[in-house]
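Enquirer: Input structure: structure.cif, which contains mmCIF, C-alpha atoms.
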```
data_protein
#
loop_
_atom_site.label_atom_id
_atom_site.label_comp_id
_atom_site.auth_asym_id
_atom_site.auth_seq_id
_atom_site.Cartn_x
_atom_site.Cartn_y
_atom_site.Cartn_z
CA MET I 1276 -4.45 -12.42 -16.17
CA SER I 1277 -1.14 -10.65 -15.94
CA THR I 1278 1.51 -10.91 -13.30
CA THR I 1279 4.01 -8.85 -15.23
CA ARG I 1280 3.36 -5.56 -13.46
CA PRO I 1281 3.66 -6.15 -9.70
CA TYR I 1282 4.82 -2.58 -9.02
CA SER I 1283 3.15 0.16 -7.12
CA PRO I 1284 1.23 2.98 -8.84
CA GLY I 1285 3.93 5.53 -8.04
CA GLU I 1286 6.44 3.63 -10.17
CA ARG I 1287 4.72 4.15 -13.52
CA GLY I 1288 7.17 6.63 -15.04
CA PRO I 1289 6.47 10.29 -15.69
CA GLU I 1290 3.29 11.62 -14.18
CA PRO I 1291 0.96 13.93 -16.11
CA SER I 1292 1.71 17.63 -15.79
CA GLY I 1293 1.51 18.92 -12.23
CA ALA I 1294 1.36 15.51 -10.58
CA SER I 1295 3.97 13.71 -8.54
CA GLY I 1296 3.95 10.10 -7.44
CA ALA I 1297 7.21 10.39 -5.52
CA SER I 1298 5.92 11.29 -2.07
CA GLU I 1299 4.17 8.71 0.03
CA GLY I 1300 1.82 9.22 2.95
CA VAL I 1301 1.80 5.94 4.82
CA ALA I 1302 -0.73 5.12 7.47
CA PRO I 1303 0.64 2.62 9.98
CA ALA I 1304 -0.61 -0.94 9.91
CA VAL I 1305 -3.61 -1.15 12.18
CA GLY I 1306 -6.05 -3.84 13.16
CA ALA I 1307 -9.76 -3.41 13.36
CA ALA I 1308 -9.70 -3.25 17.13
CA ALA I 1309 -6.94 -0.64 17.12
CA GLY I 1310 -9.01 2.05 15.42
CA ALA I 1311 -8.55 1.33 11.74
CA ALA I 1312 -11.49 3.60 11.09
CA ALA I 1313 -9.58 6.83 11.66
CA PRO I 1314 -8.74 8.33 8.25
CA SER I 1315 -5.59 10.35 7.87
CA VAL I 1316 -6.09 14.07 7.42
CA PRO I 1317 -3.84 16.00 5.04
CA THR I 1318 -1.74 18.72 6.59
CA GLY I 1319 -0.20 21.74 4.94
CA GLY I 1320 -1.11 22.92 1.47
CA THR I 1321 -0.30 19.79 -0.53
CA PRO I 1322 -3.37 18.40 -2.28
CA ARG I 1323 -3.95 14.77 -1.35
CA SER I 1324 -4.46 13.77 -4.99
CA ARG I 1325 -0.81 14.53 -5.75
CA GLU I 1326 0.63 12.29 -3.06
CA ARG I 1327 0.97 8.55 -3.12
CA GLN I 1328 -1.07 7.31 -0.18
CA VAL I 1329 -0.88 3.86 1.39
CA ARG I 1330 -3.25 2.33 3.92
CA ARG I 1331 -3.01 -1.09 5.54
CA LEU I 1332 -5.48 -3.12 7.54
CA ARG I 1333 -4.51 -6.31 9.38
CA LEU I 1334 -7.27 -8.86 8.90
CA GLU I 1335 -5.65 -11.98 10.34
CA GLY I 1336 -7.79 -13.41 13.12
CA GLU I 1337 -10.58 -10.84 12.67
CA SER I 1338 -14.20 -11.82 12.17
CA GLY I 1339 -16.49 -10.16 9.64
CA VAL I 1340 -13.53 -9.31 7.41
CA VAL I 1341 -15.48 -8.49 4.23
CA PRO I 1342 -17.58 -5.67 5.76
CA LEU I 1343 -14.54 -4.57 7.76
CA ALA I 1344 -12.45 -4.33 4.58
CA ARG I 1345 -15.24 -2.47 2.73
CA ASP I 1346 -15.65 0.06 5.58
CA PHE I 1347 -11.89 0.59 5.74
CA THR I 1348 -11.78 1.10 1.95
CA ARG I 1349 -14.76 3.46 2.01
CA GLN I 1350 -13.00 5.61 4.62
CA ALA I 1351 -9.86 5.68 2.47
CA LEU I 1352 -11.94 6.74 -0.55
CA TYR I 1353 -13.34 9.64 1.46
CA ALA I 1354 -9.86 10.64 2.63
CA TRP I 1355 -8.57 10.45 -0.95
CA GLU I 1356 -11.56 12.50 -2.18
CA TRP I 1357 -13.01 9.77 -4.41
CA LEU I 1358 -16.10 10.13 -2.21
CA PRO I 1359 -18.46 11.86 -1.95
CA ALA I 1360 -18.73 11.54 -5.70
CA ALA I 1361 -19.82 14.58 -7.66
CA THR I 1362 -20.76 12.63 -10.81
CA ALA I 1363 -22.20 9.26 -11.70
CA ASP I 1364 -18.84 8.21 -13.21
CA ARG I 1365 -16.98 9.06 -10.00
CA ARG I 1366 -19.58 7.22 -7.92
CA ALA I 1367 -19.29 4.17 -10.21
CA ALA I 1368 -15.47 4.21 -9.91
CA ALA I 1369 -15.69 4.24 -6.10
CA GLU I 1370 -18.26 1.41 -6.13
CA ASP I 1371 -15.96 -0.60 -8.42
CA VAL I 1372 -13.14 -0.28 -5.88
CA LEU I 1373 -15.43 -1.46 -3.08
CA LEU I 1374 -16.62 -4.41 -5.17
CA VAL I 1375 -13.06 -5.49 -6.03
CA VAL I 1376 -12.07 -5.30 -2.36
CA SER I 1377 -15.10 -7.46 -1.47
CA GLU I 1378 -14.27 -10.03 -4.14
CA LEU I 1379 -10.57 -10.34 -3.26
CA VAL I 1380 -11.21 -10.59 0.49
CA THR I 1381 -14.05 -13.09 -0.07
CA ASN I 1382 -11.78 -15.24 -2.27
CA ALA I 1383 -9.15 -15.26 0.48
CA CYS I 1384 -11.84 -16.39 2.94
CA LEU I 1385 -13.18 -19.13 0.67
CA HIS I 1386 -9.97 -20.47 -0.84
CA ALA I 1387 -7.02 -19.48 1.38
CA GLU I 1388 -7.90 -19.75 5.10
CA GLY I 1389 -8.72 -16.05 5.27
CA PRO I 1390 -6.88 -12.84 4.44
CA ASP I 1391 -3.90 -11.60 6.45
CA GLU I 1392 -3.81 -7.99 5.26
CA LEU I 1393 -5.51 -5.50 2.96
CA ARG I 1394 -3.28 -2.83 1.45
CA LEU I 1395 -4.61 0.12 -0.56
CA THR I 1396 -2.33 2.40 -2.54
CA CYS I 1397 -3.58 5.51 -4.32
CA ASP I 1398 -2.06 8.15 -6.52
CA ASN I 1399 -3.88 10.50 -8.85
CA LYS I 1400 -4.13 7.84 -11.58
CA VAL I 1401 -4.67 4.43 -9.97
CA ILE I 1402 -5.88 2.67 -6.85
CA ARG I 1403 -4.10 -0.60 -6.21
CA VAL I 1404 -5.80 -3.16 -3.96
CA GLU I 1405 -3.66 -5.94 -2.46
CA VAL I 1406 -4.94 -8.82 -0.34
CA SER I 1407 -2.35 -11.09 1.28
CA ASP I 1408 -3.12 -14.59 2.49
CA ARG I 1409 -1.36 -17.88 3.26
CA GLY I 1410 -3.08 -19.88 0.54
CA THR I 1411 -1.28 -21.90 -2.08
CA GLY I 1412 -3.97 -21.75 -4.77
CA GLN I 1413 -3.84 -19.68 -7.92
CA PRO I 1414 -6.89 -17.44 -8.46
CA ALA I 1415 -8.28 -17.44 -11.99
CA PRO I 1416 -11.59 -16.58 -13.63
CA ARG I 1417 -13.70 -19.64 -14.40
CA THR I 1418 -13.63 -20.46 -18.06
CA PRO I 1419 -15.90 -20.59 -19.77
CA HIS I 1420 -17.78 -18.00 -17.73
CA ARG I 1421 -21.44 -18.86 -17.37
CA ALA I 1422 -23.44 -15.94 -16.03
CA GLY I 1423 -26.39 -18.11 -14.99
CA ARG I 1424 -24.31 -20.41 -12.77
CA PRO I 1425 -24.24 -19.54 -9.07
CA GLY I 1426 -20.81 -18.78 -7.62
CA GLY I 1427 -17.45 -18.56 -9.32
CA HIS I 1428 -17.83 -15.01 -10.61
CA GLY I 1429 -15.37 -13.22 -8.32
CA MET I 1430 -12.22 -13.21 -10.44
CA PHE I 1431 -14.28 -12.66 -13.60
CA ILE I 1432 -15.63 -9.48 -11.98
CA VAL I 1433 -12.13 -8.42 -10.94
CA GLN I 1434 -10.82 -9.04 -14.45
CA ARG I 1435 -13.63 -7.00 -16.02
CA LEU I 1436 -13.41 -4.02 -13.65
CA CYS I 1437 -9.63 -3.65 -13.32
CA LEU I 1438 -6.90 -2.24 -15.50
CA ASP I 1439 -4.77 -5.24 -14.53
CA TRP I 1440 -4.45 -7.83 -11.78
CA GLY I 1441 -2.10 -10.58 -10.76
CA VAL I 1442 -0.48 -12.62 -8.03
CA ILE I 1443 2.81 -12.03 -6.24
CA ARG I 1444 4.57 -14.91 -4.52
CA ILE I 1445 7.80 -14.52 -2.58
CA SER I 1446 10.07 -17.53 -2.79
CA GLY I 1447 10.51 -19.30 0.52
CA THR I 1448 7.47 -17.72 2.20
CA PRO I 1449 3.98 -19.21 2.43
CA GLY I 1450 1.05 -17.57 0.74
CA LYS I 1451 0.60 -14.90 -1.86
CA THR I 1452 -0.63 -11.39 -2.51
CA VAL I 1453 -3.40 -10.91 -5.05
CA TRP I 1454 -3.39 -7.39 -6.46
CA ALA I 1455 -5.69 -5.42 -8.71
CA GLU I 1456 -5.47 -1.91 -10.14
CA LEU I 1457 -8.37 0.37 -10.95
CA GLY I 1458 -8.20 3.69 -12.77
CA ALA I 1459 -9.07 6.93 -11.05
CA PRO I 1460 -12.30 8.61 -12.12
CA ALA I 1461 -12.00 11.37 -14.71
#
```
Have the structure of the file written as structure tokens, please.

Expert:
Amino acid sequence: MSTTRPYSPGERGPEPSGASGASEGVAPAVGAAAGAAAPSVPTGGTPRSRERQVRRLRLEGESGVVPLARDFTRQALYAWEWLPAATADRRAAAEDVLLVVSELVTNACLHAEGPDELRLTCDNKVIRVEVSDRGTGQPAPRTPHRAGRPGGHGMFIVQRLCLDWGVIRISGTPGKTVWAELGAPA
């Protein structure tokens, strides 16, 4: 586990040729009841893959948060053109993002009194998933990992699928944000 890189994808230094992580399209924070399902639509001639996009979903007090978070993420993946996937690799990358969202939100439900917010950030290289909660625990993969044992696989899955992951705590405030970064499909 690493907590040494709690920065957003747009702050990674020089982008590959033709890409820019400087702009940010931010969708306002919305709750499930307030129409979180409406994806943002790009305007003008700027390709979405060159912008840094951020989406937030308030989960505090909502029921059925895991499917809600997966649906919200799936809509973001469509808006960011990760879906529909043209190749098996692109489809696998999108499924990995959905699985990581499920695992992080489930962990917040099981170990931290439920998630407060899901935040997704995307640029042309990385999707960053952040789940905030009020829990005091420290997520970690079970060691040793035993595949045949029921339960306890969530953070092992996150560790295996992600480029990096970690926990952000802000001094003087309750809770934490668990983040994970996944690479964009080739």

Enquirer: For I:Thr1396, which residue out of I:Val1433, I:Gly1339, I:Val1372, I:Pro1460 is the nearest one, using only C-alpha atoms?

Expert: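 Among the listed residues, the smallest separation from I:Thr1396 belongs to I:Val1372.
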
Enquirer: Choose the residue, out of I:Val1406, I:Ile1443, I:Ala1369, I:Ile1432, that has the smallest atom-to-atom separation from I:Gly1389; count only C-alpha atoms.

Expert: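 Closest residue, counting only C-alpha atoms: I:Val1406.
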
Enquirer: Could you work out how far atom CA of I:Leu1438 lies from atom CA of I:Asn1399, giving the answer in Å with one decimal?

Expert: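 Interatomic distance, atom CA of I:Asn1399 to atom CA of I:Leu1438: 14.7 Å.
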
Enquirer: I want to know what sits within 9 Å of I:Ala1383, based on all atoms listed in the file, with residues of the same chain fewer than 3 positions away left out; could you give that as a ChimeraX atom specification?

Expert: /I:1378-1380,1386-1391,1406-1410

Enquirer: I want to know what sits within 6 Å of I:Val1453, based on all atoms listed in the file, with residues of the same chain fewer than 2 positions away left out; could you give that as number ranges by chain?

Expert: I: 1405-1406, 1441-1442

Enquirer: Assuming the chain letters and numbering stay as they are in my file, what does the PyMOL selection byres ((chain I and resi 1368) around 9) actually select? List them as a ChimeraX atom specification.

Expert: /I:1357,1363-1367,1369-1373,1457-1460

Enquirer: For I:Leu1395, which of I:Ser1446, I:Gln1434, I:Gln1413, I:Thr1348 is the closest residue, counting only C-alpha atoms?

Expert: I:Thr1348

Enquirer: Between atom CA of I:Val1375 and atom CA of I:Met1430, what is the distance in Å, rounded to a tenth?

Expert: 8.9 Å

Enquirer: Just checking: using only C-alpha atoms, which residue out of I:Leu1393, I:Gly1412, I:Arg1345, I:Val1401 ends up closest to I:Arg1333?

Expert: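 Ranked by minimum distance to I:Arg1333, first place goes to I:Leu1393.
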
Enquirer: I'd like the interatomic distance between atom CA of I:Asp1398 and atom CA of I:Leu1332, to a tenth of an Å.

Expert: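 Atom-to-atom, atom CA of I:Asp1398 and atom CA of I:Leu1332 are spaced 18.3 Å apart.
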